[in-house]
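Dumped upload-v8.tsv below, it's TSV, C-alpha atoms and all ligand atoms:
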```tsv
chain	number	residue	atom	x	y	z
A	1	MET	CA	1.79	-155.14	177.52
A	2	THR	CA	2.14	-157.09	174.22
A	3	THR	CA	1.50	-160.81	174.03
A	4	LEU	CA	3.60	-162.95	171.69
A	5	ASN	CA	2.03	-165.01	168.94
A	6	PRO	CA	2.63	-168.70	169.96
A	7	LEU	CA	4.04	-169.43	166.47
A	8	SER	CA	6.66	-166.69	166.73
A	9	VAL	CA	7.58	-167.90	170.19
A	10	ALA	CA	8.12	-171.41	168.80
A	11	VAL	CA	10.19	-170.25	165.83
A	12	GLY	CA	12.17	-167.38	167.22
A	13	ARG	CA	11.74	-167.65	171.00
A	14	GLY	CA	10.00	-164.29	171.02
A	15	ASP	CA	12.49	-162.49	168.76
A	16	ARG	CA	10.37	-160.81	166.10
A	17	THR	CA	13.39	-159.49	164.24
A	18	TRP	CA	13.68	-160.91	160.71
A	19	HIS	CA	17.42	-161.50	160.63
A	20	PRO	CA	18.96	-160.67	157.24
A	21	TRP	CA	21.24	-163.19	155.51
A	22	SER	CA	20.37	-165.72	158.25
A	23	ALA	CA	18.67	-169.11	158.11
A	24	ILE	CA	15.50	-169.13	160.19
A	25	ARG	CA	16.03	-171.39	163.21
A	26	GLN	CA	14.58	-172.12	166.60
A	27	GLU	CA	17.56	-171.65	168.86
A	28	PRO	CA	17.77	-168.25	170.52
A	29	ARG	CA	20.31	-166.03	168.86
A	30	LEU	CA	23.21	-164.23	170.40
A	31	THR	CA	21.84	-160.94	171.70
A	32	LEU	CA	24.40	-158.22	172.23
A	33	VAL	CA	23.88	-155.48	174.75
A	34	SER	CA	27.10	-153.49	175.02
A	35	GLY	CA	30.57	-152.98	173.64
A	36	HIS	CA	33.83	-151.46	174.78
A	37	GLY	CA	37.04	-151.21	172.77
A	38	CYS	CA	37.20	-154.38	170.67
A	39	HIS	CA	34.93	-156.44	172.93
A	40	VAL	CA	31.16	-156.88	172.99
A	41	ARG	CA	28.98	-158.37	175.71
A	42	ASP	CA	25.75	-160.39	175.41
A	43	ASP	CA	22.59	-160.39	177.49
A	44	LEU	CA	23.99	-163.21	179.64
A	45	GLY	CA	27.04	-161.14	180.50
A	46	ARG	CA	29.48	-163.13	178.31
A	47	ARG	CA	32.31	-161.13	176.70
A	48	TYR	CA	33.50	-161.67	173.12
A	49	LEU	CA	36.51	-160.41	171.18
A	50	ASP	CA	35.10	-158.84	168.00
A	51	LEU	CA	37.53	-160.10	165.39
A	52	ARG	CA	35.63	-158.78	162.40
A	53	SER	CA	34.88	-155.21	163.56
A	54	GLY	CA	31.10	-155.57	163.55
A	55	THR	CA	30.27	-155.92	159.86
A	56	LEU	CA	33.66	-154.49	158.83
A	57	ASN	CA	32.45	-151.16	160.13
A	58	ALA	CA	33.30	-150.85	163.86
A	59	THR	CA	36.78	-149.68	162.94
A	60	ILE	CA	37.50	-147.42	165.92
A	61	GLY	CA	36.00	-149.76	168.50
A	62	TYR	CA	32.94	-149.56	170.70
A	63	GLY	CA	31.98	-146.90	173.23
A	64	ARG	CA	34.17	-144.02	172.04
A	65	GLN	CA	32.86	-141.18	174.19
A	66	ALA	CA	33.99	-138.36	171.88
A	67	VAL	CA	31.68	-139.74	169.20
A	68	VAL	CA	28.85	-140.26	171.67
A	69	GLU	CA	29.24	-136.63	172.75
A	70	ALA	CA	29.26	-135.38	169.13
A	71	ILE	CA	26.02	-137.29	168.49
A	72	ARG	CA	24.42	-135.87	171.64
A	73	GLU	CA	25.51	-132.35	170.80
A	74	GLN	CA	24.25	-132.40	167.21
A	75	ALA	CA	21.02	-134.25	168.01
A	76	SER	CA	20.13	-131.63	170.60
A	77	ARG	CA	21.06	-128.76	168.25
A	78	LEU	CA	19.53	-129.91	164.89
A	79	MET	CA	19.20	-133.65	164.42
A	80	THR	CA	18.47	-133.66	160.69
A	81	TRP	CA	17.59	-131.72	157.61
A	82	ASP	CA	17.20	-133.03	154.10
A	83	LEU	CA	20.06	-131.66	151.95
A	84	ALA	CA	17.85	-130.86	148.93
A	85	GLU	CA	18.49	-127.12	148.38
A	86	VAL	CA	19.64	-126.68	152.01
A	87	SER	CA	22.91	-127.32	153.80
A	88	THR	CA	23.83	-128.14	157.38
A	89	LEU	CA	27.10	-127.37	159.12
A	90	PRO	CA	28.07	-131.00	159.80
A	91	ALA	CA	27.34	-132.03	156.18
A	92	ARG	CA	29.46	-129.17	154.82
A	93	ALA	CA	32.29	-129.91	157.22
A	94	LEU	CA	32.18	-133.61	156.39
A	95	ALA	CA	32.21	-133.03	152.62
A	96	ASP	CA	35.29	-130.83	153.15
A	97	ARG	CA	36.90	-133.46	155.35
A	98	ILE	CA	36.35	-136.27	152.83
A	99	ALA	CA	37.76	-134.08	150.04
A	100	SER	CA	40.84	-133.43	152.18
A	101	MET	CA	41.42	-137.17	152.63
A	102	LEU	CA	41.02	-138.07	148.95
A	103	PRO	CA	43.53	-137.16	146.23
A	104	ALA	CA	42.70	-134.50	143.65
A	105	PRO	CA	40.58	-134.17	141.65
A	106	LEU	CA	38.02	-135.98	143.87
A	107	GLU	CA	36.17	-133.19	145.62
A	108	TYR	CA	32.34	-133.17	145.77
A	109	THR	CA	30.38	-135.60	147.95
A	110	LEU	CA	26.81	-136.81	147.73
A	111	PHE	CA	25.64	-138.43	150.98
A	112	CYS	CA	23.50	-141.58	151.19
A	113	ASN	CA	22.58	-143.95	154.03
A	114	SER	CA	24.11	-147.29	153.07
A	115	GLY	CA	26.74	-148.82	150.84
A	116	SER	CA	24.06	-150.21	148.51
A	117	GLU	CA	22.58	-146.76	148.04
A	118	ALA	CA	26.04	-145.36	147.37
A	119	THR	CA	26.57	-147.95	144.62
A	120	GLU	CA	23.22	-147.14	143.04
A	121	ALA	CA	23.93	-143.42	143.21
A	122	ALA	CA	27.37	-143.89	141.65
A	123	VAL	CA	25.88	-145.90	138.78
A	124	LYS	CA	23.17	-143.29	138.19
A	125	ILE	CA	25.75	-140.51	138.28
A	126	ALA	CA	27.91	-142.35	135.73
A	127	ARG	CA	25.00	-142.94	133.35
A	128	MET	CA	23.59	-139.43	133.73
A	129	TRP	CA	27.05	-137.91	133.23
A	130	HIS	CA	27.57	-139.78	129.96
A	131	ARG	CA	24.12	-138.64	128.79
A	132	ILE	CA	24.95	-135.02	129.64
A	133	GLU	CA	28.28	-135.39	127.82
A	134	GLY	CA	26.46	-136.61	124.69
A	135	SER	CA	26.90	-140.40	125.02
A	136	PRO	CA	23.47	-141.66	126.18
A	137	GLU	CA	24.27	-145.11	124.77
A	138	ARG	CA	26.82	-145.61	127.54
A	139	THR	CA	24.74	-147.38	130.18
A	140	LEU	CA	26.45	-150.72	130.81
A	141	VAL	CA	28.26	-151.24	134.12
A	142	LEU	CA	31.00	-153.87	134.30
A	143	SER	CA	31.95	-155.34	137.67
A	144	PHE	CA	33.91	-158.35	138.89
A	145	ALA	CA	31.87	-161.57	138.90
A	146	ASP	CA	32.79	-162.22	142.55
A	147	GLY	CA	32.31	-158.61	143.62
A	148	TYR	CA	29.70	-157.40	146.08
A	149	HIS	CA	28.24	-153.91	145.88
A	150	GLY	CA	25.00	-154.15	147.82
A	151	THR	CA	21.74	-155.95	148.25
A	152	THR	CA	19.13	-154.06	146.21
A	153	THR	CA	17.83	-155.31	142.86
A	154	ALA	CA	20.26	-153.04	141.02
A	155	THR	CA	23.32	-153.72	143.12
A	156	ILE	CA	22.73	-157.48	143.17
A	157	ALA	CA	22.87	-157.29	139.38
A	158	ALA	CA	26.49	-156.18	139.80
A	159	THR	CA	27.53	-159.59	141.15
A	160	ALA	CA	27.36	-163.01	139.48
A	161	SER	CA	26.87	-164.75	142.85
A	162	ALA	CA	24.01	-167.26	142.43
A	163	PHE	CA	23.47	-167.25	146.20
A	164	ARG	CA	22.61	-163.57	146.05
A	165	ARG	CA	20.77	-163.50	142.70
A	166	GLU	CA	18.69	-166.69	142.83
A	167	GLY	CA	14.93	-166.06	142.90
A	168	VAL	CA	14.97	-162.28	143.22
A	169	GLY	CA	14.80	-161.30	139.56
A	170	PRO	CA	14.12	-159.64	137.32
A	171	LEU	CA	17.16	-157.66	138.40
A	172	SER	CA	18.03	-154.26	137.00
A	173	GLY	CA	19.46	-154.43	133.49
A	174	GLY	CA	22.65	-152.83	132.27
A	175	TYR	CA	25.18	-154.91	134.19
A	176	ALA	CA	27.75	-157.44	132.96
A	177	HIS	CA	30.62	-159.15	134.74
A	178	LEU	CA	34.36	-159.15	134.31
A	179	ALA	CA	36.50	-162.15	135.24
A	180	THR	CA	37.57	-161.74	138.87
A	181	PRO	CA	41.33	-161.30	139.29
A	182	ARG	CA	41.60	-164.34	141.53
A	183	CYS	CA	44.01	-167.21	141.47
A	184	THR	CA	42.48	-170.21	139.68
A	185	LYS	CA	44.12	-172.49	142.24
A	186	CYS	CA	41.45	-171.48	144.71
A	187	ALA	CA	38.60	-172.03	142.26
A	188	ASP	CA	39.84	-175.40	140.97
A	189	GLU	CA	41.86	-177.70	143.19
A	190	ASP	CA	43.37	-179.57	140.22
A	191	ASP	CA	44.53	-176.44	138.46
A	192	HIS	CA	47.72	-175.15	139.97
A	193	THR	CA	48.62	-172.84	137.10
A	194	ARG	CA	47.90	-169.84	139.31
A	195	HIS	CA	46.64	-167.90	136.32
A	196	VAL	CA	44.99	-164.69	137.45
A	197	PRO	CA	42.58	-163.09	134.95
A	198	GLY	CA	43.73	-159.59	134.09
A	199	VAL	CA	43.89	-156.84	131.56
A	200	GLN	CA	43.85	-159.10	128.49
A	201	GLU	CA	40.62	-160.82	129.53
A	202	TRP	CA	39.06	-157.51	130.59
A	203	GLU	CA	39.91	-155.75	127.35
A	204	ALA	CA	38.51	-158.68	125.34
A	205	GLN	CA	35.32	-158.48	127.41
A	206	ILE	CA	35.02	-154.73	126.84
A	207	LEU	CA	35.53	-155.20	123.11
A	208	SER	CA	32.94	-157.98	122.99
A	209	VAL	CA	30.20	-155.85	124.58
A	210	GLY	CA	31.25	-152.77	122.60
A	211	PRO	CA	33.32	-150.13	124.44
A	212	LYS	CA	30.88	-147.36	123.51
A	213	SER	CA	28.10	-149.11	125.45
A	214	VAL	CA	30.06	-149.07	128.72
A	215	ALA	CA	29.39	-146.32	131.26
A	216	ALA	CA	31.57	-147.53	134.10
A	217	ILE	CA	33.72	-150.23	135.59
A	218	LEU	CA	32.78	-150.76	139.24
A	219	VAL	CA	35.25	-152.64	141.44
A	220	GLU	CA	36.33	-153.16	145.04
A	221	PRO	CA	40.10	-152.73	145.57
A	222	VAL	CA	39.92	-155.85	147.77
A	223	LEU	CA	36.82	-158.02	147.28
A	224	SER	CA	35.34	-158.36	150.75
A	225	VAL	CA	32.09	-160.35	150.79
A	226	GLY	CA	33.31	-162.38	147.77
A	227	GLY	CA	35.95	-163.96	150.04
A	228	VAL	CA	38.64	-161.40	150.83
A	229	ILE	CA	40.11	-161.68	147.35
A	230	VAL	CA	43.22	-159.51	147.04
A	231	PRO	CA	43.81	-158.80	143.34
A	232	PRO	CA	47.43	-158.70	142.12
A	233	PRO	CA	49.28	-155.40	142.53
A	234	GLY	CA	48.83	-153.11	139.56
A	235	HIS	CA	45.38	-154.33	138.52
A	236	LEU	CA	43.66	-151.03	139.31
A	237	ALA	CA	46.25	-149.11	137.31
A	238	GLU	CA	45.52	-151.47	134.41
A	239	LEU	CA	41.80	-150.87	134.79
A	240	ARG	CA	42.45	-147.12	134.98
A	241	ALA	CA	44.35	-147.32	131.69
A	242	LEU	CA	41.57	-149.37	130.05
A	243	CYS	CA	38.96	-146.86	131.25
A	244	ASP	CA	41.02	-143.98	129.83
A	245	ARG	CA	41.48	-145.80	126.52
A	246	TYR	CA	37.75	-146.45	126.06
A	247	GLY	CA	36.18	-143.38	127.72
A	248	ILE	CA	34.78	-145.40	130.65
A	249	LEU	CA	34.43	-144.09	134.23
A	250	LEU	CA	36.24	-146.03	136.97
A	251	ILE	CA	34.21	-146.40	140.17
A	252	THR	CA	36.00	-147.86	143.19
A	253	ASP	CA	33.74	-149.23	145.87
A	254	GLU	CA	35.59	-148.39	149.09
A	255	VAL	CA	32.64	-149.31	151.32
A	256	ALA	CA	34.66	-152.08	152.98
A	257	THR	CA	38.20	-150.87	152.27
A	258	GLY	CA	37.89	-147.14	152.90
A	259	PHE	CA	39.28	-145.20	155.86
A	260	GLY	CA	42.17	-147.44	156.72
A	261	ARG	CA	41.18	-151.07	156.51
A	262	THR	CA	43.91	-152.01	154.03
A	263	GLY	CA	46.67	-149.97	155.68
A	264	LYS	CA	46.12	-146.96	153.42
A	265	VAL	CA	43.29	-144.45	153.81
A	266	PHE	CA	41.67	-145.87	150.65
A	267	GLY	CA	42.28	-149.26	149.08
A	268	PHE	CA	42.83	-147.81	145.61
A	269	GLU	CA	45.92	-145.96	146.90
A	270	HIS	CA	47.93	-149.19	146.81
A	271	ASP	CA	47.70	-149.08	143.01
A	272	LEU	CA	46.67	-145.58	141.95
A	273	ASN	CA	49.32	-143.43	143.58
A	274	ALA	CA	50.83	-141.24	140.88
A	275	PRO	CA	49.92	-137.53	141.20
A	276	GLY	CA	46.45	-136.95	139.74
A	277	GLN	CA	45.87	-140.70	139.30
A	278	ALA	CA	42.57	-141.56	140.95
A	279	PRO	CA	39.25	-143.25	140.34
A	280	ASP	CA	36.50	-141.11	138.79
A	281	ILE	CA	33.98	-141.95	141.49
A	282	VAL	CA	34.58	-143.31	145.00
A	283	THR	CA	31.90	-144.81	147.23
A	284	THR	CA	32.37	-145.15	150.99
A	285	ALA	CA	30.33	-146.27	154.03
A	286	LYS	CA	31.16	-148.71	156.88
A	287	GLY	CA	34.52	-147.37	158.22
A	288	LEU	CA	33.43	-143.85	157.24
A	289	THR	CA	31.28	-143.74	160.38
A	290	GLY	CA	33.02	-146.44	162.39
A	291	GLY	CA	29.54	-147.93	162.81
A	292	TYR	CA	28.29	-145.03	164.96
A	293	ALA	CA	25.67	-143.93	162.41
A	294	PRO	CA	24.26	-145.04	159.08
A	295	LEU	CA	25.91	-142.91	156.42
A	296	ALA	CA	27.51	-143.44	153.01
A	297	ALA	CA	29.19	-141.14	150.53
A	298	VAL	CA	29.81	-140.85	146.80
A	299	THR	CA	32.66	-138.52	145.88
A	300	VAL	CA	33.37	-137.20	142.38
A	301	PRO	CA	35.75	-134.69	140.75
A	302	ALA	CA	34.69	-131.08	140.22
A	303	ASP	CA	34.23	-131.55	136.47
A	304	ILE	CA	31.71	-134.39	136.89
A	305	TYR	CA	29.89	-132.36	139.55
A	306	ALA	CA	29.86	-129.23	137.40
A	307	ALA	CA	28.56	-131.10	134.34
A	308	PHE	CA	25.27	-131.71	136.15
A	309	ALA	CA	24.49	-128.00	135.83
A	310	ARG	CA	23.69	-128.99	132.24
A	311	ASP	CA	21.10	-131.60	133.26
A	312	PRO	CA	18.09	-130.65	131.11
A	313	LEU	CA	15.39	-131.23	133.75
A	314	LEU	CA	16.91	-129.79	136.93
A	315	GLY	CA	20.35	-128.41	136.27
A	316	GLY	CA	21.57	-130.68	139.05
A	317	LEU	CA	21.49	-134.26	140.28
A	318	ARG	CA	18.00	-135.77	140.27
A	319	HIS	CA	18.63	-138.11	143.19
A	320	GLY	CA	18.60	-138.07	146.99
A	321	HIS	CA	17.23	-139.52	150.24
A	322	THR	CA	15.41	-137.98	153.19
A	323	THR	CA	18.21	-138.86	155.59
A	324	GLY	CA	21.15	-138.90	153.16
A	325	GLY	CA	23.67	-136.72	154.99
A	326	HIS	CA	21.68	-136.79	158.24
A	327	ALA	CA	23.18	-134.03	160.40
A	328	THR	CA	23.71	-136.22	163.47
A	329	ALA	CA	25.34	-138.96	161.36
A	330	CYS	CA	27.66	-136.37	159.80
A	331	ALA	CA	28.61	-134.99	163.23
A	332	ALA	CA	29.32	-138.53	164.46
A	333	THR	CA	31.43	-139.19	161.39
A	334	LEU	CA	33.52	-136.06	161.88
A	335	ALA	CA	34.32	-137.25	165.42
A	336	VAL	CA	35.15	-140.73	164.08
A	337	LEU	CA	37.53	-139.33	161.47
A	338	ASP	CA	39.23	-137.24	164.19
A	339	ILE	CA	39.95	-140.48	166.04
A	340	VAL	CA	41.14	-142.24	162.87
A	341	GLU	CA	43.64	-139.42	162.34
A	342	ASN	CA	44.65	-138.63	165.93
A	343	ASP	CA	45.13	-142.28	166.91
A	344	GLU	CA	47.00	-142.93	163.61
A	345	LEU	CA	44.75	-145.89	162.95
A	346	VAL	CA	45.66	-146.23	159.27
A	347	ALA	CA	49.30	-146.94	160.12
A	348	ALA	CA	48.14	-149.20	162.95
A	349	ALA	CA	45.98	-151.17	160.49
A	350	ALA	CA	49.02	-151.65	158.23
A	351	ASP	CA	51.08	-152.95	161.19
A	352	ARG	CA	48.35	-155.25	162.52
A	353	GLY	CA	47.69	-156.53	158.99
A	354	THR	CA	51.32	-157.55	158.53
A	355	GLN	CA	51.41	-159.09	162.00
A	356	LEU	CA	48.25	-161.13	161.37
A	357	LEU	CA	49.32	-162.31	157.92
A	358	ASP	CA	52.74	-163.37	159.22
A	359	ALA	CA	51.19	-165.25	162.11
A	360	LEU	CA	48.51	-166.95	160.00
A	361	ALA	CA	50.70	-167.80	156.98
A	362	PRO	CA	51.86	-171.19	158.41
A	363	LEU	CA	48.24	-172.38	158.32
A	364	LYS	CA	48.61	-172.55	154.53
A	365	GLN	CA	50.55	-175.80	154.96
A	366	ARG	CA	47.48	-177.55	156.30
A	367	PRO	CA	45.64	-179.62	153.67
A	368	THR	CA	42.28	-178.24	154.79
A	369	VAL	CA	43.36	-174.62	154.35
A	370	CYS	CA	43.08	-173.29	150.79
A	371	ASP	CA	44.72	-169.98	151.42
A	372	VAL	CA	45.59	-167.22	153.83
A	373	ARG	CA	44.76	-163.83	152.36
A	374	GLY	CA	44.88	-160.22	153.36
A	375	GLY	CA	45.82	-156.74	152.20
A	376	GLY	CA	49.24	-156.33	150.68
A	377	GLY	CA	49.51	-159.02	148.02
A	378	ALA	CA	47.68	-161.59	145.97
A	379	CYS	CA	47.48	-165.22	146.99
A	401	LIG	N1	29.99	-152.54	148.84
A	401	LIG	C1	30.80	-153.35	149.54
A	401	LIG	C2	32.21	-153.52	149.08
A	401	LIG	C3	30.36	-153.99	150.69
A	401	LIG	O1	31.19	-154.80	151.38
A	401	LIG	C4	29.02	-153.78	151.09
A	401	LIG	C5	28.49	-154.45	152.29
A	401	LIG	O2	29.05	-155.38	152.82
A	401	LIG	C6	28.21	-152.94	150.33
A	401	LIG	C7	28.72	-152.33	149.22
A	401	LIG	C8	26.78	-152.70	150.71
A	401	LIG	O3	26.73	-151.90	151.84
A	401	LIG	P1	25.41	-151.86	152.76
A	401	LIG	O4	25.32	-153.20	153.44
A	401	LIG	O5	25.65	-150.73	153.69
A	401	LIG	O6	24.26	-151.61	151.85
```

Show how you would write the structure in this file as C-alpha cells.
Amino acid sequence: MTTLNPLSVAVGRGDRTWHPWSAIRQEPRLTLVSGHGCHVRDDLGRRYLDLRSGTLNATIGYGRQAVVEAIREQASRLMTWDLAEVSTLPARALADRIASMLPAPLEYTLFCNSGSEATEAAVKIARMWHRIEGSPERTLVLSFADGYHGTTTATIAATASAFRREGVGPLSGGYAHLATPRCTKCADEDDHTRHVPGVQEWEAQILSVGPKSVAAILVEPVLSVGGVIVPPPGHLAELRALCDRYGILLITDEVATGFGRTGKVFGFEHDLNAPGQAPDIVTTAKGLTGGYAPLAAVTVPADIYAAFARDPLLGGLRHGHTTGGHATACAATLAVLDIVENDELVAAAADRGTQLLDALAPLKQRPTVCDVRGGGGAC
C-alpha cells in the first residue's frame, strides 16, 4: 500500500496528477468515472451534460460498444507494431479510409499520436519536400497569430499567444505570424470598422519576409483554441491562390475541425470545393478517433509522397514514432468512422450547428456579450 506525501495531500488532496493547462489549487478536482452518450458521471455519482465533446474529440459520444469491441478484438489479436518498414491491417485500412474521405489528390497518410505531433510532422514534411525539390532555403512557416497548432516547442512557435509562449523559449525558429482574419470589433471595443485582415495583408507579409523563404502556410479552417474564430468565407481559397502564386505549400490543421465538426467532413471544404482544389497537407486528430484512442494523421498527395523516394539519406521519410499508427488505435478509429458515416453525423452536426447559432444569436444584444460565433459565417 502506498502512503501519500503530506505535502501532496495538502496541495492536491492526494491527486498526484499534474493537470495540464490548470492552475494548481487545493480544492479537489472533478473526477470523472464513466460516460454514456453525451453525458459523463463523476465519482460522487453526479451526471453532467458534456457540451464541449471532451476536448473537442468525443464526437460520437461515450460508451459506443462497437468501438469498444473493435478495440478488444484488435488488442487481443495484435495490439501494436511500429510502422517502420512493416504494415498492419488496421493501419492499411485506415489509410485507405482517410484517403476515401478526402478529395483528390490527398492520398497517403503518416500516422502520429497527437495533434501537436501531426503539426510537427507536417512542417518537417513541407521543409524536407522543398529541399528535395531543390529549394532548401524554403523553411519559414507562416501561421495565424491567434492560431493554435500544439504545445511542443516547435508548435508553440506557430502561435503568437503570449500565454502559451511566455517563459518556455527558446522556441523553434522558422515561424512567423500572419494577421488573423478576425473582426477588429472583437479586439478593440472602440473600433467598429469590422475590418477583417485578409489577402492584401497576407501578401504584403509574404513579400516582406521574401516569398522564396516560405515553406508553408499553416492554418486552421476555424480557429479553435484561439477563441472559435470563424474566418470570412473565401479566405482559404485566397490563401490557396497565394500559395500557388508563390510556390508555398498550404497545410490545413483539421485537428479540431476534421470529421464533421463544422458540418462538412473537413473544415476546408467550406472554401476549397472546386474539383482538385485542396490543401497540400492535412493534419487530423481529435474527431478522427472520437476520443477512443490517441491517434493523429498527416495526409499528403501522391506526388509529395513519391518525392521522398529521392531523399538522399533514406529514400523515404526520416520521421516516425513507436506508437504512431498503433494497431489498436487504428482499429478503434475505423469503428468510429463507421459510426460517423452510418449515423450521418456530419449532416447532424450541420443541423445542430444552425440550431445552436439561431438559439444563441439573441445573446449578442447583451452588453456583456461580445459575439456569438460558430461554423458557417464570420462574426
Ligand atoms: N491543432 C489544433 C487545431 C488543436 O485544436 C489542437 C489541440 O487542441 C492541436 C493542434 C494539438 O493537438 P494535441 O493536443 O493532440 O497535441

Worksheet item: At what distance in Å, to one decimal, does CA of Gly325 in chain A lie from CA of Leu106 in chain A?
Response: 18.2 Å

Item to complete: For Cys243 in chain A, list every protein, DNA or RNA residue within 12 Å, evaluated using only C-alpha atoms, and leave out those in the same chain fewer than 2 positions away; present the list as JSON, numbers by chain.
Response: {"A": [141, 142, 199, 202, 203, 206, 211, 212, 214, 215, 216, 217, 218, 236, 237, 238, 239, 240, 241, 245, 246, 247, 248, 249, 250, 251, 278, 279, 280]}

Which residues sit within 10 Å of ligand LIG 401 (chain A), counting all atoms listed in the file, listed as a short mmCIF file (atom, residue, chain, number, x, y, z; two decimals) with C-alpha atoms, in the coordinates of the input?
```cif
data_model
loop_
_atom_site.label_atom_id
_atom_site.label_comp_id
_atom_site.auth_asym_id
_atom_site.auth_seq_id
_atom_site.Cartn_x
_atom_site.Cartn_y
_atom_site.Cartn_z
CA THR A 55 30.27 -155.92 159.86
CA LEU A 56 33.66 -154.49 158.83
CA ASN A 57 32.45 -151.16 160.13
CA CYS A 112 23.50 -141.58 151.19
CA ASN A 113 22.58 -143.95 154.03
CA SER A 114 24.11 -147.29 153.07
CA GLY A 115 26.74 -148.82 150.84
CA SER A 116 24.06 -150.21 148.51
CA GLU A 117 22.58 -146.76 148.04
CA ALA A 118 26.04 -145.36 147.37
CA THR A 119 26.57 -147.95 144.62
CA GLU A 120 23.22 -147.14 143.04
CA GLY A 147 32.31 -158.61 143.62
CA TYR A 148 29.70 -157.40 146.08
CA HIS A 149 28.24 -153.91 145.88
CA GLY A 150 25.00 -154.15 147.82
CA THR A 151 21.74 -155.95 148.25
CA THR A 152 19.13 -154.06 146.21
CA THR A 155 23.32 -153.72 143.12
CA ILE A 156 22.73 -157.48 143.17
CA VAL A 219 35.25 -152.64 141.44
CA GLU A 220 36.33 -153.16 145.04
CA PRO A 221 40.10 -152.73 145.57
CA VAL A 222 39.92 -155.85 147.77
CA LEU A 223 36.82 -158.02 147.28
CA SER A 224 35.34 -158.36 150.75
CA VAL A 225 32.09 -160.35 150.79
CA GLY A 226 33.31 -162.38 147.77
CA VAL A 228 38.64 -161.40 150.83
CA THR A 252 36.00 -147.86 143.19
CA ASP A 253 33.74 -149.23 145.87
CA GLU A 254 35.59 -148.39 149.09
CA VAL A 255 32.64 -149.31 151.32
CA ALA A 256 34.66 -152.08 152.98
CA THR A 257 38.20 -150.87 152.27
CA GLY A 258 37.89 -147.14 152.90
CA THR A 283 31.90 -144.81 147.23
CA THR A 284 32.37 -145.15 150.99
CA ALA A 285 30.33 -146.27 154.03
CA LYS A 286 31.16 -148.71 156.88
CA PRO A 294 24.26 -145.04 159.08
CA LEU A 295 25.91 -142.91 156.42
CA ALA A 296 27.51 -143.44 153.01
#
```

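Nearest residue to Gly290 in chain A, choosing from A:Thr323, A:Thr333, A:Ser208, A:Gln65 and counting all atoms listed in the file: A:Thr333.
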
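Closest to Cys330 in chain A among A:Gly14, A:Gly37, A:Gly169, A:Pro90 is A:Pro90, based on all atoms listed in the file.
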
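Computed from the coordinates, the CA of Ser213 in chain A to CA of Ala160 in chain A distance equals 19.8 Å.
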
Worksheet, complete the sentence: Using all atoms listed in the file, the shortest atom-to-atom distance to Gly276 in chain A among A:Leu102, A:Ala332, A:Ala95, A:Ala58 belongs to A:Leu102

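With distances restricted to only C-alpha atoms, A:Lys124 is the closest residue to His319 in chain A from A:Arg25, A:Lys124, A:Arg16, A:Lys364.
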
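Going from CA of His177 in chain A over to CA of Gly287 in chain A, you cover 26.6 Å.
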
Item to complete: Write out as a PyMOL selection string which residues come within 8 Å of Ala179 in chain A when counting only C-alpha atoms, dropping same-chain ones fewer than 2 positions away.
Response: chain A and resi 144-145+177+181+197-198+201-202

For the selection you just gave me, I'd like the residues written to a file as a short mmCIF file (atom, residue, chain, number, x, y, z; two decimals), in the frame of the given file, keeping C-alpha atoms.
```
data_model
loop_
_atom_site.label_atom_id
_atom_site.label_comp_id
_atom_site.auth_asym_id
_atom_site.auth_seq_id
_atom_site.Cartn_x
_atom_site.Cartn_y
_atom_site.Cartn_z
CA PHE A 144 33.91 -158.35 138.89
CA ALA A 145 31.87 -161.57 138.90
CA HIS A 177 30.62 -159.15 134.74
CA PRO A 181 41.33 -161.30 139.29
CA PRO A 197 42.58 -163.09 134.95
CA GLY A 198 43.73 -159.59 134.09
CA GLU A 201 40.62 -160.82 129.53
CA TRP A 202 39.06 -157.51 130.59
#
```

Worksheet entry | Nearest candidate to Ala104 in chain A (options A:Asp371, A:Asp358, A:Asp303, A:Asp271; using all atoms listed in the file) | A:Asp303

Item to complete: Could you give me, as a VMD selection string, the residues within 8 Å of range 73-80 of chain A, counting all atoms listed in the file and dropping anything in the same chain fewer than 2 positions from it?
Response: chain A and resid 69 to 71 82 323 326 to 328 331

Take every atom of range 160-176 of chain A listed in the file, pad by 6 Å on each side, and give me the axis-aligned box centre and edge lengths in Å, one decimal, as AutoDock Vina command-line options.
```
--center_x 20.9 --center_y -160.0 --center_z 139.2 --size_x 25.6 --size_y 26.4 --size_z 25.9
```

Could range 253-261 of chain A be completed with N, CA and C atoms and returned as a short mmCIF file (atom, residue, chain, number, x, y, z; two decimals), keeping the file's coordinate frame?
```cif
data_model
loop_
_atom_site.label_atom_id
_atom_site.label_comp_id
_atom_site.auth_asym_id
_atom_site.auth_seq_id
_atom_site.Cartn_x
_atom_site.Cartn_y
_atom_site.Cartn_z
N ASP A 253 34.62 -149.04 144.73
CA ASP A 253 33.74 -149.23 145.87
C ASP A 253 34.62 -149.43 147.10
N GLU A 254 34.74 -148.38 147.89
CA GLU A 254 35.59 -148.39 149.09
C GLU A 254 34.74 -148.57 150.35
N VAL A 255 33.53 -149.13 150.17
CA VAL A 255 32.64 -149.31 151.32
C VAL A 255 33.33 -150.15 152.40
N ALA A 256 33.99 -151.23 151.99
CA ALA A 256 34.66 -152.08 152.98
C ALA A 256 36.11 -151.67 153.20
N THR A 257 36.75 -151.13 152.18
CA THR A 257 38.20 -150.87 152.27
C THR A 257 38.54 -149.45 152.73
N GLY A 258 37.59 -148.55 152.65
CA GLY A 258 37.89 -147.14 152.90
C GLY A 258 38.22 -146.83 154.36
N PHE A 259 38.93 -145.75 154.55
CA PHE A 259 39.28 -145.20 155.86
C PHE A 259 40.13 -146.17 156.69
N GLY A 260 41.08 -146.79 155.99
CA GLY A 260 42.17 -147.44 156.72
C GLY A 260 42.24 -148.95 156.72
N ARG A 261 41.19 -149.62 156.29
CA ARG A 261 41.18 -151.07 156.51
C ARG A 261 42.30 -151.83 155.82
#
```
